[in-house]
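Dumped upload.cif below, it's mmCIF, N, CA and C atoms:
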data_data
loop_
_atom_site.label_atom_id
_atom_site.label_comp_id
_atom_site.auth_asym_id
_atom_site.auth_seq_id
_atom_site.Cartn_x
_atom_site.Cartn_y
_atom_site.Cartn_z
N MET A 841 69.17 73.20 16.38
CA MET A 841 70.58 72.90 16.25
C MET A 841 71.18 73.72 15.12
N SER A 842 72.27 74.42 15.40
CA SER A 842 72.87 75.24 14.35
C SER A 842 73.67 74.36 13.40
N LYS A 843 73.86 74.87 12.21
CA LYS A 843 74.59 74.14 11.18
C LYS A 843 76.08 74.47 11.28
N MET A 844 76.93 73.51 10.88
CA MET A 844 78.36 73.72 10.98
C MET A 844 79.07 73.11 9.77
N LEU A 845 80.03 73.86 9.23
CA LEU A 845 80.88 73.39 8.15
C LEU A 845 82.33 73.42 8.61
N THR A 846 83.17 72.55 8.03
CA THR A 846 84.59 72.54 8.35
C THR A 846 85.42 72.34 7.09
N THR A 847 86.66 72.82 7.17
CA THR A 847 87.62 72.55 6.10
C THR A 847 88.22 71.17 6.25
N GLY A 848 88.15 70.62 7.47
CA GLY A 848 88.97 69.47 7.78
C GLY A 848 90.39 69.98 8.02
N PRO A 849 91.29 69.11 8.46
CA PRO A 849 92.64 69.56 8.78
C PRO A 849 93.48 69.81 7.51
N PHE A 850 94.33 70.82 7.57
CA PHE A 850 95.27 71.09 6.48
C PHE A 850 96.56 71.66 7.06
N VAL A 851 97.67 71.45 6.36
CA VAL A 851 98.99 71.85 6.83
C VAL A 851 99.37 73.21 6.26
N VAL A 852 99.94 74.06 7.11
CA VAL A 852 100.48 75.34 6.66
C VAL A 852 101.85 75.05 6.03
N PRO A 853 102.04 75.37 4.74
CA PRO A 853 103.31 75.05 4.09
C PRO A 853 104.46 75.92 4.61
N VAL A 854 105.67 75.42 4.41
CA VAL A 854 106.87 76.14 4.86
C VAL A 854 107.13 77.36 3.99
N MET A 855 106.81 77.24 2.68
CA MET A 855 107.05 78.35 1.77
C MET A 855 105.97 78.40 0.70
N THR A 856 105.49 79.60 0.40
CA THR A 856 104.51 79.81 -0.66
C THR A 856 105.25 79.87 -1.99
N PRO A 857 104.76 79.17 -3.03
CA PRO A 857 105.43 79.19 -4.33
C PRO A 857 105.65 80.62 -4.83
N GLY A 858 106.87 80.85 -5.35
CA GLY A 858 107.21 82.18 -5.87
C GLY A 858 107.68 83.16 -4.81
N THR A 859 107.76 82.71 -3.57
CA THR A 859 108.22 83.58 -2.48
C THR A 859 109.24 82.82 -1.63
N ASN A 860 109.83 83.50 -0.70
CA ASN A 860 110.70 82.87 0.29
C ASN A 860 110.08 82.96 1.66
N GLU A 861 108.75 82.94 1.71
CA GLU A 861 108.07 83.12 3.00
C GLU A 861 106.85 82.22 3.12
N PRO A 862 106.53 81.84 4.35
CA PRO A 862 105.31 81.05 4.58
C PRO A 862 104.10 81.98 4.68
N PRO A 863 102.90 81.43 4.54
CA PRO A 863 101.70 82.24 4.79
C PRO A 863 101.64 82.62 6.27
N LYS A 864 101.28 83.86 6.54
CA LYS A 864 101.22 84.37 7.92
C LYS A 864 99.80 84.70 8.37
N THR A 865 98.88 84.88 7.42
CA THR A 865 97.51 85.26 7.74
C THR A 865 96.54 84.33 7.04
N LEU A 866 95.54 83.88 7.76
CA LEU A 866 94.46 83.10 7.18
C LEU A 866 93.27 84.03 7.02
N LEU A 867 92.83 84.22 5.80
CA LEU A 867 91.70 85.09 5.51
C LEU A 867 90.44 84.24 5.35
N VAL A 868 89.38 84.63 6.04
CA VAL A 868 88.08 83.97 5.91
C VAL A 868 87.14 85.01 5.30
N ILE A 869 86.69 84.74 4.07
CA ILE A 869 85.83 85.66 3.33
C ILE A 869 84.40 85.15 3.48
N LEU A 870 83.51 86.03 3.92
CA LEU A 870 82.11 85.68 4.15
C LEU A 870 81.21 86.56 3.30
N SER A 871 80.18 85.97 2.72
CA SER A 871 79.23 86.71 1.90
C SER A 871 77.81 86.32 2.29
N ASN A 872 76.94 87.32 2.39
CA ASN A 872 75.52 87.07 2.67
C ASN A 872 74.71 87.48 1.44
N PRO A 873 74.41 86.53 0.55
CA PRO A 873 73.66 86.86 -0.66
C PRO A 873 72.15 86.92 -0.45
N THR A 874 71.70 86.75 0.79
CA THR A 874 70.26 86.69 1.06
C THR A 874 69.68 88.09 1.31
N ASN A 875 68.39 88.13 1.58
CA ASN A 875 67.69 89.37 1.90
C ASN A 875 67.47 89.54 3.39
N GLU A 876 68.16 88.73 4.21
CA GLU A 876 68.00 88.77 5.67
C GLU A 876 69.37 88.87 6.34
N TRP A 877 69.38 89.41 7.57
CA TRP A 877 70.60 89.41 8.37
C TRP A 877 70.97 87.96 8.69
N LYS A 878 72.27 87.65 8.65
CA LYS A 878 72.76 86.32 8.96
C LYS A 878 73.95 86.45 9.92
N SER A 879 74.14 85.43 10.76
CA SER A 879 75.22 85.44 11.74
C SER A 879 75.95 84.10 11.75
N VAL A 880 77.28 84.16 11.82
CA VAL A 880 78.09 82.94 11.91
C VAL A 880 79.21 83.15 12.92
N THR A 881 79.70 82.05 13.45
CA THR A 881 80.88 82.05 14.31
C THR A 881 81.96 81.23 13.62
N VAL A 882 83.13 81.86 13.44
CA VAL A 882 84.26 81.22 12.78
C VAL A 882 85.30 80.87 13.83
N SER A 883 85.71 79.59 13.86
CA SER A 883 86.75 79.12 14.78
C SER A 883 87.89 78.53 13.98
N VAL A 884 89.12 78.84 14.39
CA VAL A 884 90.31 78.25 13.77
C VAL A 884 91.12 77.61 14.88
N HIS A 885 91.33 76.31 14.77
CA HIS A 885 92.12 75.57 15.75
C HIS A 885 93.44 75.15 15.12
N SER A 886 94.48 75.18 15.94
CA SER A 886 95.82 74.86 15.49
C SER A 886 96.34 73.63 16.20
N CYS A 887 97.05 72.81 15.46
CA CYS A 887 97.79 71.67 16.01
C CYS A 887 99.25 72.02 15.78
N PRO A 888 99.92 72.59 16.76
CA PRO A 888 101.31 73.02 16.55
C PRO A 888 102.22 71.86 16.15
N SER A 889 103.04 72.10 15.13
CA SER A 889 103.93 71.05 14.63
C SER A 889 105.07 70.75 15.59
N SER A 890 105.32 71.62 16.54
CA SER A 890 106.47 71.47 17.43
C SER A 890 106.22 70.54 18.61
N ILE A 891 105.03 69.97 18.73
CA ILE A 891 104.75 69.14 19.91
C ILE A 891 104.66 67.65 19.59
N GLY A 892 105.26 67.22 18.49
CA GLY A 892 105.21 65.80 18.13
C GLY A 892 103.87 65.47 17.50
N VAL A 893 103.16 64.51 18.06
CA VAL A 893 101.84 64.16 17.54
C VAL A 893 100.87 65.22 18.03
N PRO A 894 100.39 66.07 17.11
CA PRO A 894 99.57 67.22 17.54
C PRO A 894 98.15 66.86 17.93
N VAL A 895 97.60 67.64 18.81
CA VAL A 895 96.20 67.56 19.19
C VAL A 895 95.55 68.86 18.75
N CYS A 896 94.51 68.76 17.92
CA CYS A 896 93.88 69.95 17.33
C CYS A 896 92.86 70.56 18.28
N ASN A 897 93.30 71.14 19.36
CA ASN A 897 92.33 71.74 20.27
C ASN A 897 92.76 73.12 20.74
N LYS A 898 93.79 73.68 20.15
CA LYS A 898 94.28 75.00 20.57
C LYS A 898 93.72 76.06 19.61
N PRO A 899 92.80 76.90 20.08
CA PRO A 899 92.30 77.95 19.18
C PRO A 899 93.37 79.01 18.94
N LEU A 900 93.35 79.60 17.76
CA LEU A 900 94.25 80.72 17.48
C LEU A 900 93.87 81.89 18.38
N PRO A 901 94.79 82.83 18.61
CA PRO A 901 94.56 83.91 19.58
C PRO A 901 93.25 84.70 19.42
N ASN A 902 92.82 84.98 18.20
CA ASN A 902 91.59 85.77 18.02
C ASN A 902 90.42 84.91 17.57
N SER A 903 90.44 83.64 17.94
CA SER A 903 89.38 82.71 17.56
C SER A 903 88.68 82.22 18.82
N PRO A 904 87.36 82.07 18.79
CA PRO A 904 86.43 82.27 17.66
C PRO A 904 86.02 83.74 17.49
N GLN A 905 85.50 84.02 16.30
CA GLN A 905 84.93 85.33 16.01
C GLN A 905 83.50 85.14 15.52
N THR A 906 82.59 85.92 16.08
CA THR A 906 81.19 85.90 15.64
C THR A 906 80.93 87.19 14.87
N ILE A 907 80.25 87.05 13.75
CA ILE A 907 79.97 88.20 12.90
C ILE A 907 78.54 88.13 12.39
N SER A 908 77.88 89.29 12.36
CA SER A 908 76.55 89.42 11.77
C SER A 908 76.70 90.18 10.46
N LEU A 909 76.13 89.62 9.41
CA LEU A 909 76.23 90.21 8.08
C LEU A 909 74.88 90.74 7.62
N PRO A 910 74.81 92.04 7.29
CA PRO A 910 73.58 92.58 6.71
C PRO A 910 73.31 91.92 5.35
N PRO A 911 72.08 91.99 4.87
CA PRO A 911 71.74 91.41 3.56
C PRO A 911 72.62 91.98 2.45
N GLY A 912 73.06 91.11 1.55
CA GLY A 912 73.79 91.55 0.37
C GLY A 912 75.19 92.09 0.63
N THR A 913 75.83 91.71 1.75
CA THR A 913 77.15 92.25 2.06
C THR A 913 78.19 91.14 2.19
N CYS A 914 79.44 91.55 2.22
CA CYS A 914 80.58 90.66 2.42
C CYS A 914 81.44 91.21 3.55
N ASP A 915 82.26 90.34 4.13
CA ASP A 915 83.22 90.78 5.14
C ASP A 915 84.40 89.83 5.12
N LEU A 916 85.47 90.26 5.77
CA LEU A 916 86.72 89.52 5.78
C LEU A 916 87.24 89.43 7.20
N LEU A 917 87.55 88.22 7.65
CA LEU A 917 88.14 88.01 8.97
C LEU A 917 89.59 87.56 8.78
N ASN A 918 90.48 88.05 9.66
CA ASN A 918 91.90 87.70 9.61
C ASN A 918 92.27 86.88 10.84
N PHE A 919 92.98 85.79 10.63
CA PHE A 919 93.49 84.98 11.73
C PHE A 919 94.99 84.80 11.54
N SER A 920 95.73 84.91 12.63
CA SER A 920 97.17 84.67 12.61
C SER A 920 97.53 83.96 13.91
N GLY A 921 98.84 83.77 14.16
CA GLY A 921 99.25 83.11 15.38
C GLY A 921 99.60 81.65 15.18
N TYR A 922 99.82 81.25 13.93
CA TYR A 922 100.23 79.89 13.61
C TYR A 922 101.60 79.94 12.94
N ASN A 923 102.22 78.79 12.79
CA ASN A 923 103.55 78.70 12.18
C ASN A 923 103.53 77.73 11.01
N ALA A 924 104.54 77.84 10.14
CA ALA A 924 104.71 76.88 9.05
C ALA A 924 104.81 75.49 9.65
N GLY A 925 104.12 74.53 9.05
CA GLY A 925 104.12 73.16 9.53
C GLY A 925 102.97 72.84 10.47
N ASP A 926 102.33 73.86 11.03
CA ASP A 926 101.17 73.62 11.90
C ASP A 926 100.02 73.06 11.07
N ILE A 927 99.13 72.37 11.74
CA ILE A 927 97.91 71.87 11.11
C ILE A 927 96.77 72.74 11.60
N LEU A 928 95.98 73.28 10.67
CA LEU A 928 94.84 74.13 11.02
C LEU A 928 93.55 73.42 10.63
N ARG A 929 92.48 73.77 11.33
CA ARG A 929 91.13 73.30 11.01
C ARG A 929 90.19 74.45 11.27
N VAL A 930 89.40 74.82 10.27
CA VAL A 930 88.45 75.93 10.37
C VAL A 930 87.04 75.36 10.45
N THR A 931 86.24 75.88 11.40
CA THR A 931 84.83 75.54 11.45
C THR A 931 84.02 76.83 11.42
N ILE A 932 82.89 76.77 10.74
CA ILE A 932 81.97 77.91 10.66
C ILE A 932 80.60 77.38 11.07
N GLU A 933 80.02 78.04 12.06
CA GLU A 933 78.76 77.57 12.65
C GLU A 933 77.73 78.69 12.62
N GLY A 934 76.47 78.34 12.39
CA GLY A 934 75.39 79.32 12.44
C GLY A 934 74.56 79.29 11.18
N ASP A 935 74.34 80.47 10.60
CA ASP A 935 73.51 80.60 9.40
C ASP A 935 74.32 80.25 8.15
N ILE A 936 74.71 78.99 8.05
CA ILE A 936 75.54 78.53 6.93
C ILE A 936 75.06 77.17 6.50
N SER A 937 75.21 76.88 5.22
CA SER A 937 74.74 75.62 4.66
C SER A 937 75.71 75.17 3.58
N ILE A 938 75.85 73.87 3.44
CA ILE A 938 76.71 73.32 2.40
C ILE A 938 76.20 73.71 1.01
N PHE A 939 74.92 74.03 0.90
CA PHE A 939 74.31 74.37 -0.39
C PHE A 939 74.44 75.84 -0.73
N ALA A 940 75.08 76.63 0.13
CA ALA A 940 75.33 78.06 -0.11
C ALA A 940 74.03 78.85 -0.28
N ASP A 941 72.98 78.44 0.45
CA ASP A 941 71.73 79.20 0.40
C ASP A 941 71.61 80.14 1.60
N GLU A 942 72.68 80.23 2.39
CA GLU A 942 72.76 81.19 3.49
C GLU A 942 74.09 81.93 3.34
N VAL A 943 74.88 82.02 4.40
CA VAL A 943 76.19 82.66 4.29
C VAL A 943 77.11 81.75 3.46
N GLU A 944 77.88 82.36 2.58
CA GLU A 944 78.87 81.65 1.79
C GLU A 944 80.25 81.98 2.35
N ALA A 945 81.18 81.03 2.28
CA ALA A 945 82.52 81.25 2.84
C ALA A 945 83.59 80.73 1.90
N SER A 946 84.74 81.37 1.94
CA SER A 946 85.96 80.83 1.33
C SER A 946 87.13 81.23 2.21
N ILE A 947 88.22 80.51 2.07
CA ILE A 947 89.39 80.70 2.92
C ILE A 947 90.64 80.68 2.06
N VAL A 948 91.62 81.52 2.42
CA VAL A 948 92.91 81.49 1.75
C VAL A 948 94.00 81.95 2.72
N GLY A 949 95.17 81.35 2.60
CA GLY A 949 96.33 81.81 3.36
C GLY A 949 97.06 82.87 2.56
N ARG A 950 97.68 83.82 3.26
CA ARG A 950 98.37 84.92 2.57
C ARG A 950 99.69 85.22 3.26
N THR A 951 100.72 85.48 2.47
CA THR A 951 102.01 85.86 3.01
C THR A 951 101.98 87.32 3.44
N SER A 952 103.04 87.75 4.15
CA SER A 952 103.09 89.16 4.58
C SER A 952 103.22 90.11 3.39
N SER A 953 103.66 89.61 2.22
CA SER A 953 103.73 90.46 1.03
C SER A 953 102.46 90.39 0.18
N GLY A 954 101.43 89.66 0.67
CA GLY A 954 100.13 89.64 0.00
C GLY A 954 99.93 88.53 -1.01
N ILE A 955 100.87 87.60 -1.14
CA ILE A 955 100.73 86.48 -2.08
C ILE A 955 99.85 85.41 -1.44
N HIS A 956 98.89 84.89 -2.21
CA HIS A 956 97.99 83.85 -1.70
C HIS A 956 98.62 82.47 -1.87
N GLU A 957 98.42 81.63 -0.86
CA GLU A 957 98.94 80.26 -0.85
C GLU A 957 97.88 79.31 -1.41
N PRO A 958 98.14 78.69 -2.59
CA PRO A 958 97.11 77.86 -3.23
C PRO A 958 96.69 76.63 -2.44
N THR A 959 97.58 76.04 -1.62
CA THR A 959 97.19 74.84 -0.87
C THR A 959 96.34 75.17 0.35
N MET A 960 96.20 76.47 0.66
CA MET A 960 95.35 76.90 1.78
C MET A 960 94.08 77.58 1.27
N PHE A 961 93.69 77.29 0.03
CA PHE A 961 92.52 77.90 -0.57
C PHE A 961 91.36 76.91 -0.56
N PHE A 962 90.26 77.31 0.07
CA PHE A 962 89.06 76.49 0.14
C PHE A 962 87.88 77.31 -0.35
N ARG A 963 87.24 76.86 -1.42
CA ARG A 963 85.98 77.47 -1.86
C ARG A 963 84.85 76.91 -1.00
N HIS A 964 83.71 77.56 -1.03
CA HIS A 964 82.57 77.09 -0.24
C HIS A 964 82.26 75.62 -0.53
N GLU A 965 82.35 75.24 -1.79
CA GLU A 965 82.02 73.87 -2.18
C GLU A 965 82.99 72.83 -1.62
N HIS A 966 84.15 73.27 -1.09
CA HIS A 966 85.13 72.35 -0.53
C HIS A 966 84.89 72.04 0.95
N PHE A 967 84.00 72.78 1.58
CA PHE A 967 83.71 72.55 3.00
C PHE A 967 82.91 71.26 3.19
N LEU A 968 83.01 70.70 4.39
CA LEU A 968 82.28 69.49 4.75
C LEU A 968 81.29 69.82 5.87
N ALA A 969 80.09 69.24 5.81
CA ALA A 969 79.13 69.40 6.90
C ALA A 969 79.59 68.52 8.06
N THR A 970 79.46 69.03 9.29
CA THR A 970 79.90 68.28 10.47
C THR A 970 79.03 68.60 11.67
N ASP A 971 79.05 67.70 12.64
CA ASP A 971 78.40 67.93 13.93
C ASP A 971 79.44 68.15 15.01
N ASN A 972 80.71 68.03 14.66
CA ASN A 972 81.81 68.11 15.64
C ASN A 972 82.57 69.42 15.52
N HIS A 973 82.90 70.01 16.65
CA HIS A 973 83.70 71.25 16.66
C HIS A 973 85.12 70.94 16.30
#
Represent the structure of the file as structure tokens.
Amino acid sequence: MSKMLTTGPFVVPVMTPGTNEPPKTLLVILSNPTNEWKSVTVSVHSCPSSIGVPVCNKPLPNSPQTISLPPGTCDLLNFSGYNAGDILRVTIEGDISIFADEVEASIVGRTSSGIHEPTMFFRHEHFLATDNH
């Protein structure tokens, strides 16, 4: 059985502090600090705010993404296709552990001008272990 971590649900804010714009891109940063190749699949599901009581089962357009990381490397995945007010949930499955002894992950939202949204920032230690997609 593969391991899976999640952010749990979080809301995309209407405006990032210090800007007049919402975050448009969700960045998923992955690091493989081990001496072996590692592989994970990253999924981002959206609960659109425009449909009343949302159901979190709509994947973003380029989700899921599977990536293999050589030993000692990092990579960055970009996800878009959501709107301000939407609820997002990120899951990462595969060679990942809550203890960060395999692939490490962090997530941040970014505006089109490159400003990071602090309420969309998740360090590896903020993820939760789960058995549910």
Long-range neighbours of Phe850 (chain A) as a PyMOL selection string, 7 Å cut-off, only C-alpha atoms, 4 positions minimum in chain:
chain A and resi 927-929
Go through A:Thr859, A:Ser920, A:Ser952, A:Ser937 and flag the residue nearest Asn902 (chain A), using all atoms listed in the file for the distances.
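Ranking A:Thr859, A:Ser920, A:Ser952, A:Ser937 by distance to Asn902 (chain A), first place goes to A:Ser920.
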Between A:Ser903, A:Thr951, A:Thr931, A:Ser889, which is the closest to Met844 (chain A) once you count all atoms listed in the file?
A:Thr931
Please write the residues picked by the PyMOL selection byres (((chain A and resi 964 and name CA) around 6) and name CA) on this file as a PyMOL selection string.
chain A and resi 945-946+963+965-967
Might you spell out which residues the PyMOL selection byres ((chain A and resi 947) around 5) would select in the displayed file, as a list in words?
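Output from the PyMOL selection byres ((chain A and resi 947) around 5), applied to this file: Leu867, Val868, Ile869, Ala945, Ser946, Val948, Gly949, Met960, Phe961 and Phe962 of chain A.
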Once you count all atoms listed in the file, what closest atom pair and distance in Å to one decimal does each residue of region 892-952 of chain A within 7 Å of region 880-888 of chain A have, with rows by chain and rising residue number, as a Markdown table?
| residue | atom | partner | partner_atom | distance |
| --- | --- | --- | --- | --- |
| A:Gly892 | N | A:Pro888 | C | 6.0 |
| A:Pro894 | CA | A:Cys887 | CA | 5.0 |
| A:Val895 | C | A:Cys887 | CA | 4.5 |
| A:Cys896 | CA | A:Cys887 | CA | 4.5 |
| A:Asn897 | N | A:Ser886 | C | 5.0 |
| A:Lys898 | C | A:Ser886 | N | 3.8 |
| A:Pro899 | CA | A:His885 | CA | 4.2 |
| A:Leu900 | N | A:Val884 | C | 4.2 |
| A:Asn902 | C | A:Val884 | N | 7.0 |
| A:Ser903 | CA | A:Val884 | N | 5.0 |
| A:Pro904 | CA | A:Val882 | C | 4.2 |
| A:Gln905 | C | A:Val882 | N | 3.9 |
| A:Thr906 | CA | A:Thr881 | CA | 4.1 |
| A:Ile907 | N | A:Val880 | C | 4.1 |
| A:Ser908 | N | A:Val880 | N | 5.2 |
| A:Leu909 | N | A:Val880 | N | 6.1 |
| A:Tyr922 | CA | A:Ser886 | CA | 6.9 |
| A:Asn923 | N | A:Pro888 | CA | 6.9 |
| A:Gly925 | C | A:Pro888 | C | 5.8 |
| A:Asp926 | CA | A:Cys887 | C | 4.6 |
| A:Ile927 | C | A:Cys887 | N | 3.9 |
| A:Leu928 | CA | A:His885 | C | 4.5 |
| A:Arg929 | C | A:His885 | N | 4.1 |
| A:Val930 | CA | A:Ser883 | C | 4.5 |
| A:Thr931 | N | A:Ser883 | C | 4.0 |
| A:Ile932 | CA | A:Thr881 | C | 4.4 |
| A:Glu933 | C | A:Thr881 | N | 4.0 |
| A:Gly934 | CA | A:Val880 | CA | 4.5 |
| A:Asp935 | N | A:Val880 | CA | 4.7 |
| A:Ile936 | N | A:Val880 | CA | 6.5 |
Would you write out, as a list in words, every residue that the PyMOL selection byres ((chain A and resi 857) around 8) captures in this file?
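Output of the PyMOL selection byres ((chain A and resi 857) around 8): Val854, Met855, Thr856, Gly858, Thr859, Asn860, Glu861, Pro862, His956, Glu957, Pro958 and Thr959 of chain A.
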Closest of A:Ile955, A:Phe939, A:Pro849, A:Pro911 to Asn875 (chain A) - atom-to-atom distances counting all atoms listed in the file:
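Of all the options, A:Pro911 lies closest to Asn875 (chain A).
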CA of Gly921 (chain A) to CA of Gly954 (chain A): how many Å, to one decimal?
16.7 Å
Work out how far apart atom C of Gly912 (chain A) and atom N of Thr970 (chain A) are and give it in Å to one decimal.
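Computing it gives 25.0 Å between the two atoms.
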May I ask for the distance between atom N of Thr865 (chain A) and atom C of Ala940 (chain A), given in Å to one decimal place?
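Separating atom N of Thr865 (chain A) from atom C of Ala940 (chain A) is a distance of 26.7 Å.
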